[in-house]
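J.: The following file, entry_30.txt, comprises compact mmCIF, C-alpha atoms and all ligand atoms:
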```txt
# COMPACT_ATOMS: atom_id res chain seq x y z
CA MET A 5 96.57 122.36 108.19
CA SER A 6 93.08 123.68 108.92
CA LEU A 7 92.45 125.97 111.85
CA VAL A 8 90.56 123.24 113.66
CA ASP A 9 93.45 120.80 113.30
CA TRP A 10 95.86 123.46 114.37
CA SER A 11 94.02 124.34 117.54
CA ARG A 12 93.51 120.68 118.38
CA GLN A 13 97.23 120.12 118.15
CA ALA A 14 98.05 123.25 120.04
CA LEU A 15 95.75 122.27 122.87
CA ALA A 16 96.88 118.66 123.20
CA PRO A 17 98.56 118.32 126.59
CA LEU A 18 102.26 118.19 125.90
CA GLY A 19 103.99 114.96 126.76
CA ARG A 20 100.90 113.51 128.38
CA ARG A 21 99.70 111.57 125.41
CA GLN A 22 101.56 108.42 124.60
CA LYS A 23 103.26 108.61 121.25
CA GLU A 24 101.64 106.58 118.51
CA ALA A 25 103.85 104.51 116.29
CA LYS A 26 102.99 104.57 112.61
CA ILE A 27 102.66 101.24 110.85
CA LEU A 28 101.71 100.72 107.21
CA PHE A 29 99.82 97.64 106.03
CA LEU A 30 100.98 97.02 102.49
CA GLY A 31 100.88 94.24 99.92
CA LEU A 32 98.98 93.35 96.76
CA ASP A 33 95.20 93.51 96.57
CA ASN A 34 93.46 90.49 98.08
CA ALA A 35 96.37 89.73 100.45
CA GLY A 36 94.19 90.19 103.54
CA LYS A 37 95.28 93.61 104.87
CA THR A 38 91.84 94.94 105.71
CA THR A 39 90.66 91.62 107.15
CA LEU A 40 93.66 91.60 109.49
CA LEU A 41 93.20 95.19 110.50
CA ARG A 42 89.53 94.63 111.33
CA ILE A 43 90.39 91.61 113.46
CA LEU A 44 93.09 93.52 115.30
CA LYS A 45 90.74 96.43 115.79
CA ASP A 46 87.59 94.77 117.00
CA GLU A 47 88.13 91.00 116.83
CA ARG A 48 85.56 90.70 114.12
CA LEU A 49 85.96 88.67 110.99
CA VAL A 50 84.17 90.48 108.20
CA GLN A 51 84.10 90.04 104.45
CA HIS A 52 85.41 93.22 102.82
CA GLN A 53 85.15 94.96 99.54
CA PRO A 54 88.54 95.83 98.07
CA THR A 55 89.83 98.94 99.80
CA GLN A 56 89.31 102.12 97.80
CA PHE A 57 90.72 104.87 99.98
CA PRO A 58 93.39 104.76 102.66
CA THR A 59 92.04 104.50 106.16
CA SER A 60 93.73 104.45 109.52
CA GLU A 61 92.96 102.85 112.86
CA GLU A 62 94.38 103.08 116.31
CA LEU A 63 95.60 99.74 117.65
CA ARG A 64 97.49 98.41 120.60
CA VAL A 65 100.13 95.69 120.53
CA GLY A 66 101.33 95.01 124.06
CA LYS A 67 102.17 98.43 125.44
CA ILE A 68 102.60 100.00 122.07
CA LYS A 69 100.01 102.26 120.58
CA LEU A 70 99.91 102.06 116.82
CA ARG A 71 98.29 104.04 114.09
CA ALA A 72 97.81 101.53 111.31
CA PHE A 73 97.30 102.68 107.72
CA ASP A 74 95.45 100.40 105.33
CA PHE A 75 95.73 100.92 101.59
CA SER A 76 94.39 99.51 98.41
CA GLY A 77 96.80 96.96 96.99
CA ARG A 78 95.62 97.51 93.45
CA GLN A 79 98.33 98.67 91.12
CA ILE A 80 96.67 101.85 90.05
CA ALA A 81 96.44 103.04 93.65
CA ARG A 82 99.96 102.11 94.70
CA ARG A 83 101.50 105.18 93.14
CA ALA A 84 99.41 107.55 95.20
CA ARG A 85 100.97 106.71 98.53
CA PRO A 86 104.31 108.47 99.01
CA ASP A 87 102.75 111.07 101.31
CA TYR A 88 102.17 108.32 103.81
CA TYR A 89 105.75 107.10 103.74
CA THR A 90 107.22 109.75 105.99
CA LYS A 91 108.05 108.96 109.61
CA VAL A 92 106.98 105.35 109.34
CA ASP A 93 107.95 103.14 112.29
CA ALA A 94 107.17 99.77 110.73
CA VAL A 95 105.74 98.08 107.67
CA ALA A 96 103.61 94.95 107.71
CA TYR A 97 103.75 93.51 104.18
CA LEU A 98 101.09 90.90 103.47
CA VAL A 99 101.37 88.21 100.84
CA ASP A 100 98.74 85.67 99.87
CA ALA A 101 100.82 82.51 100.34
CA SER A 102 98.24 80.45 98.49
CA ASN A 103 98.52 82.45 95.28
CA GLN A 104 101.81 81.35 93.77
CA GLU A 105 100.95 82.99 90.46
CA ARG A 106 101.35 86.37 92.05
CA PHE A 107 104.59 85.81 93.98
CA ALA A 108 106.67 87.52 91.28
CA GLU A 109 104.36 90.54 91.29
CA SER A 110 104.42 90.65 95.07
CA LYS A 111 108.22 90.46 95.04
CA ARG A 112 108.43 93.41 92.66
CA GLU A 113 106.22 95.47 94.92
CA LEU A 114 108.16 94.46 98.02
CA ASP A 115 111.50 95.22 96.34
CA ALA A 116 110.25 98.66 95.37
CA LEU A 117 109.28 99.34 98.98
CA LEU A 118 112.55 98.01 100.36
CA SER A 119 114.49 100.31 98.08
CA ASP A 120 112.29 103.34 98.73
CA GLU A 121 114.42 106.08 100.30
CA ALA A 122 111.59 107.23 102.52
CA LEU A 123 111.40 103.77 104.09
CA ALA A 124 115.15 103.24 104.53
CA ASN A 125 115.90 101.28 107.73
CA VAL A 126 112.22 100.84 108.55
CA PRO A 127 111.63 97.32 109.95
CA PHE A 128 109.58 95.04 107.71
CA LEU A 129 107.33 92.26 108.88
CA VAL A 130 106.39 90.01 105.96
CA LEU A 131 103.24 88.05 106.69
CA GLY A 132 102.61 85.00 104.52
CA ASN A 133 98.85 84.82 104.87
CA LYS A 134 96.17 82.19 104.09
CA ILE A 135 98.09 79.13 105.25
CA ASP A 136 94.69 77.58 106.03
CA ILE A 137 94.48 76.91 102.27
CA PRO A 138 96.02 73.46 101.70
CA HIS A 139 98.41 74.26 98.84
CA ALA A 140 99.75 77.45 100.42
CA ALA A 141 103.52 77.92 100.24
CA SER A 142 105.66 77.05 103.23
CA GLU A 143 107.74 79.69 104.95
CA ASP A 144 110.91 78.54 103.16
CA GLU A 145 109.19 78.54 99.79
CA LEU A 146 107.77 82.00 100.33
CA GLN A 147 111.14 83.38 101.45
CA TYR A 148 112.68 81.88 98.36
CA HIS A 149 110.11 83.28 95.94
CA LEU A 150 110.28 86.72 97.49
CA GLY A 151 114.08 86.65 97.36
CA LEU A 152 114.38 87.06 101.12
CA THR A 153 116.33 83.95 102.04
CA GLU A 154 119.56 85.90 102.56
CA PHE A 155 117.95 88.92 104.16
CA THR A 156 115.94 87.80 107.14
CA THR A 157 117.44 89.01 110.40
CA GLY A 158 116.21 86.53 113.00
CA LYS A 159 113.03 86.04 114.98
CA GLY A 160 114.39 86.12 118.45
CA LYS A 161 115.12 89.00 120.74
CA VAL A 162 116.71 92.02 119.17
CA ASN A 163 120.41 92.54 119.31
CA PHE A 164 120.44 96.32 119.53
CA ALA A 165 124.23 96.34 119.30
CA ASP A 166 123.91 95.37 115.66
CA GLN A 167 121.65 97.99 114.18
CA THR A 168 123.33 98.21 110.82
CA VAL A 169 120.83 96.00 109.04
CA ARG A 170 117.16 96.58 108.52
CA PRO A 171 115.07 94.19 110.63
CA LEU A 172 113.15 91.90 108.31
CA GLU A 173 111.38 88.64 109.05
CA VAL A 174 108.77 86.36 107.53
CA PHE A 175 105.96 84.94 109.65
CA MET A 176 103.29 82.67 108.24
CA CYS A 177 99.71 83.25 109.33
CA SER A 178 96.07 82.68 108.70
CA VAL A 179 94.15 85.83 109.41
CA ILE A 180 90.79 84.09 109.21
CA ARG A 181 91.95 81.42 111.67
CA LYS A 182 93.39 84.18 113.85
CA MET A 183 96.80 82.58 114.02
CA GLY A 184 100.40 83.50 113.30
CA TYR A 185 100.23 87.28 112.93
CA GLY A 186 100.41 87.88 116.70
CA GLU A 187 103.95 86.50 116.84
CA GLY A 188 104.88 88.69 113.89
CA LEU A 189 103.49 91.83 115.47
CA GLN A 190 105.23 91.03 118.75
CA TRP A 191 108.46 90.59 116.84
CA ILE A 192 108.20 93.90 115.02
CA SER A 193 107.09 95.80 118.10
CA GLN A 194 110.56 95.21 119.58
CA TYR A 195 111.91 97.57 116.95
CA ILE A 196 109.52 100.40 117.57
CA LYS A 197 111.36 103.02 119.55
CA TYR A 198 110.04 105.74 121.78
N1 LIG A 201 91.44 81.55 103.16
C1 LIG A 201 91.76 82.76 103.67
N2 LIG A 201 91.23 83.86 103.14
C2 LIG A 201 91.58 85.06 103.67
C3 LIG A 201 92.47 85.17 104.77
N3 LIG A 201 92.62 86.48 105.07
C4 LIG A 201 91.87 87.16 104.19
N4 LIG A 201 91.23 86.32 103.34
C5 LIG A 201 90.29 86.67 102.25
O1 LIG A 201 91.01 87.34 101.24
C6 LIG A 201 90.15 88.29 100.58
C7 LIG A 201 90.79 89.65 100.53
O2 LIG A 201 90.89 90.21 101.84
P1 LIG A 201 91.06 91.77 102.09
O3 LIG A 201 91.34 91.91 103.55
O4 LIG A 201 89.95 92.53 101.53
O5 LIG A 201 92.38 92.05 101.23
P2 LIG A 201 93.16 93.45 101.07
O6 LIG A 201 94.62 93.12 101.18
O7 LIG A 201 92.65 94.45 102.03
O8 LIG A 201 92.83 93.82 99.57
P3 LIG A 201 92.74 95.30 98.89
O9 LIG A 201 91.94 96.17 99.79
O10 LIG A 201 92.09 95.08 97.56
O11 LIG A 201 94.15 95.78 98.74
C8 LIG A 201 88.85 88.27 101.37
O12 LIG A 201 87.95 87.45 100.67
C9 LIG A 201 89.23 87.64 102.69
O13 LIG A 201 88.17 86.99 103.33
C10 LIG A 201 93.00 83.95 105.34
O14 LIG A 201 93.74 83.93 106.31
N5 LIG A 201 92.60 82.78 104.72
MG MG A 202 91.80 96.24 101.79
```
Represent the structure contained in this file as structure tokens.
Ligand SMILES: Nc1nc2c(ncn2[C@@H]2O[C@H](COP(=O)(O)OP(=O)(O)OP(=O)(O)O)[C@@H](O)[C@H]2O)c(=O)[nH]1
Ligand SMILES: [Mg+2]

T.:
Amino acid sequence: MSLVDWSRQALAPLGRRQKEAKILFLGLDNAGKTTLLRILKDERLVQHQPTQFPTSEELRVGKIKLRAFDFSGRQIARRARPDYYTKVDAVAYLVDASNQERFAESKRELDALLSDEALANVPFLVLGNKIDIPHAASEDELQYHLGLTEFTTGKGKVNFADQTVRPLEVFMCSVIRKMGYGEGLQWISQYIKY
């Protein structure tokens, strides 16, 4: 930690600042992570270059303050992330639901994340994006291809008495139409504890 960072931390008023939850936006390249993050951040729909370096943004979902981390989905960059995997409160995993050819690849990546020790018990929101494209997979089809059919935990209110399973749900969305992801983020925000 640099001296500047250290003094900034030391001077932050204790307990006054609301805690930020840490959420990772993951998924293959071209899934729509950066487009979603930009819309959440400043409501703007912008065409992006593929992400090169991780960035982070502060967001708000309801009362919850989030620090969202956006990564490159390209394979070569995926290995460089473990540093970011500590103390994660939630993962939003995006899949391009219109690109059936990459479902198997997306499943492999998702499986690797779900079995990553550092992310054990972290709630996962799977967003099936691009449903504005006519041949996009349905929610059932996507669940099937990602091998999640048996593992989703329910979209309703949380039953906190049963905390033995990792919260995991699939929500379909179209980021460019600004629909669907709001419900997903509301759902996952129930699991973010303070
Ligand atoms: N049709 C459609 N296209 C979308 C949607 N969301 C994103 N896109 C497009 O998908 C492409 C990739 O979007 P990005 O947000 O850059 O994808 P990314 O996941 O950040 O990709 P990397 O940074 O390479 O990992 C862009 O051309 C977007 O405009 C959507 O809901 N529908
Ligand atoms: Mg990106």

J.: Taking into account only C-alpha atoms and all ligand atoms, which residue in the set A:Tyr185, A:Phe107, A:Phe75, A:Tyr195 is nearest to ligand LIG 201 (chain A)?

T.: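 Closest candidate: A:Phe75.
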
J.: Which value, in Å to one decimal, gives the distance between atom N4 of ligand LIG 201 (chain A) and CA of Gly36 (chain A)?

T.: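 Between these atoms lies a distance of 4.9 Å.
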
J.: Hey, can you check how far atom O8 of ligand LIG 201 (chain A) sits from CA of Arg170 (chain A)?

T.: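 Calculated distance between atom O8 of ligand LIG 201 (chain A) and CA of Arg170 (chain A) is 26.1 Å.
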
J.: From the options A:Val50, A:Val99, A:Leu172, A:Arg42, which residue's atoms come nearest to Glu154 (chain A), counting all atoms listed in the file?

T.: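 Using all atoms listed in the file, Glu154 (chain A) sits closest to A:Leu172.
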
J.: Check which residues of chain A sit at most 10 Å from ligand LIG 201 (chain A) using only C-alpha atoms and all ligand atoms, and return one row each with the closest pair of atoms and their distance in Å to one decimal, ordered by chain and rising number, as CSV.

T.:
```
residue,atom,partner,partner_atom,distance
A:Phe29,CA,A:LIG201,O6,8.4
A:Leu30,CA,A:LIG201,O6,7.6
A:Gly31,CA,A:LIG201,O6,6.5
A:Leu32,CA,A:LIG201,O11,5.8
A:Asp33,CA,A:LIG201,O11,3.3
A:Asn34,CA,A:LIG201,O5,3.7
A:Ala35,CA,A:LIG201,O6,3.9
A:Gly36,CA,A:LIG201,O3,3.3
A:Lys37,CA,A:LIG201,O6,3.8
A:Thr38,CA,A:LIG201,O3,3.8
A:Thr39,CA,A:LIG201,O3,3.7
A:Leu40,CA,A:LIG201,O3,6.4
A:Leu41,CA,A:LIG201,O3,7.9
A:Arg42,CA,A:LIG201,O3,8.4
A:Ile43,CA,A:LIG201,O3,10.0
A:Leu49,CA,A:LIG201,O13,8.1
A:Val50,CA,A:LIG201,O13,7.2
A:Gln51,CA,A:LIG201,O13,5.2
A:His52,CA,A:LIG201,O4,4.8
A:Gln53,CA,A:LIG201,O4,5.7
A:Pro54,CA,A:LIG201,O10,3.7
A:Thr55,CA,A:LIG201,O9,3.5
A:Gln56,CA,A:LIG201,O9,6.8
A:Phe57,CA,A:LIG201,O9,8.8
A:Pro58,CA,A:LIG201,O9,9.2
A:Asp74,CA,A:LIG201,O7,7.4
A:Phe75,CA,A:LIG201,O11,6.1
A:Ser76,CA,A:LIG201,O11,3.8
A:Gly77,CA,A:LIG201,O11,3.4
A:Arg78,CA,A:LIG201,O11,5.8
A:Gln79,CA,A:LIG201,O11,9.2
A:Ala81,CA,A:LIG201,O11,9.2
A:Arg82,CA,A:LIG201,O11,9.5
A:Tyr97,CA,A:LIG201,O6,9.6
A:Leu98,CA,A:LIG201,O6,7.2
A:Val99,CA,A:LIG201,O6,8.4
A:Asp100,CA,A:LIG201,C3,8.0
A:Ala101,CA,A:LIG201,N5,9.3
A:Ser102,CA,A:LIG201,N1,8.3
A:Gly132,CA,A:LIG201,O14,9.1
A:Asn133,CA,A:LIG201,O14,5.4
A:Lys134,CA,A:LIG201,N5,3.7
A:Ile135,CA,A:LIG201,O14,6.6
A:Asp136,CA,A:LIG201,N5,5.8
A:Ile137,CA,A:LIG201,N1,5.6
A:Pro138,CA,A:LIG201,N1,9.4
A:Ala140,CA,A:LIG201,N1,9.7
A:Met176,CA,A:LIG201,O14,9.8
A:Cys177,CA,A:LIG201,O14,6.7
A:Ser178,CA,A:LIG201,O14,3.6
A:Val179,CA,A:LIG201,O14,3.7
A:Ile180,CA,A:LIG201,O14,4.1
A:Arg181,CA,A:LIG201,O14,6.2
A:Lys182,CA,A:LIG201,O14,7.6
A:Met183,CA,A:LIG201,O14,8.4
A:Gly184,CA,A:LIG201,O14,9.7
A:Tyr185,CA,A:LIG201,O14,9.9
```

J.: List the spatial neighbours of Val95 (chain A) as a PDB file with C-alpha atoms, in the coordinates of the input - criterion: any atom at most 7 Å away, only C-alpha atoms, same-chain residues fewer than 2 positions off excluded.

T.:
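Once everything was written out, this is selection31.pdb:
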```
ATOM      1  CA  ILE A  27     102.660 101.240 110.850  1.00  0.00           C
ATOM      2  CA  LEU A  28     101.710 100.720 107.210  1.00  0.00           C
ATOM      3  CA  PHE A  29      99.820  97.640 106.030  1.00  0.00           C
ATOM      4  CA  TYR A  97     103.750  93.510 104.180  1.00  0.00           C
ATOM      5  CA  PRO A 127     111.630  97.320 109.950  1.00  0.00           C
ATOM      6  CA  PHE A 128     109.580  95.040 107.710  1.00  0.00           C
ATOM      7  CA  LEU A 129     107.330  92.260 108.880  1.00  0.00           C
TER       8      LEU A 129
END
```

J.: For CA of Val92 (chain A) and CA of Tyr148 (chain A), quote the distance in Å rounded to one decimal.

T.: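 So the answer is 26.5 Å.
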
J.: Can you tell me which residues surround Leu63 (chain A) at a distance of at most 8 Å, considering all atoms listed in the file, apart from same-chain residues fewer than 4 positions away, and format the answer as a PDB file with C-alpha atoms, in the frame of the given file?

T.:
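Final output, out-v9.pdb:
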```
ATOM      1  CA  LEU A  44      93.090  93.520 115.300  1.00  0.00           C
ATOM      2  CA  LYS A  45      90.740  96.430 115.790  1.00  0.00           C
ATOM      3  CA  LYS A  69     100.010 102.260 120.580  1.00  0.00           C
ATOM      4  CA  LEU A  70      99.910 102.060 116.820  1.00  0.00           C
ATOM      5  CA  ARG A  71      98.290 104.040 114.090  1.00  0.00           C
ATOM      6  CA  ALA A  72      97.810 101.530 111.310  1.00  0.00           C
TER       7      ALA A  72
END
```

J.: Smallest atom-to-atom distance to Thr156 (chain A): which of A:Glu173, A:Ala122, A:Glu105, A:Glu143, using all atoms listed in the file?

T.: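 Of all the options, A:Glu173 lies closest to Thr156 (chain A).
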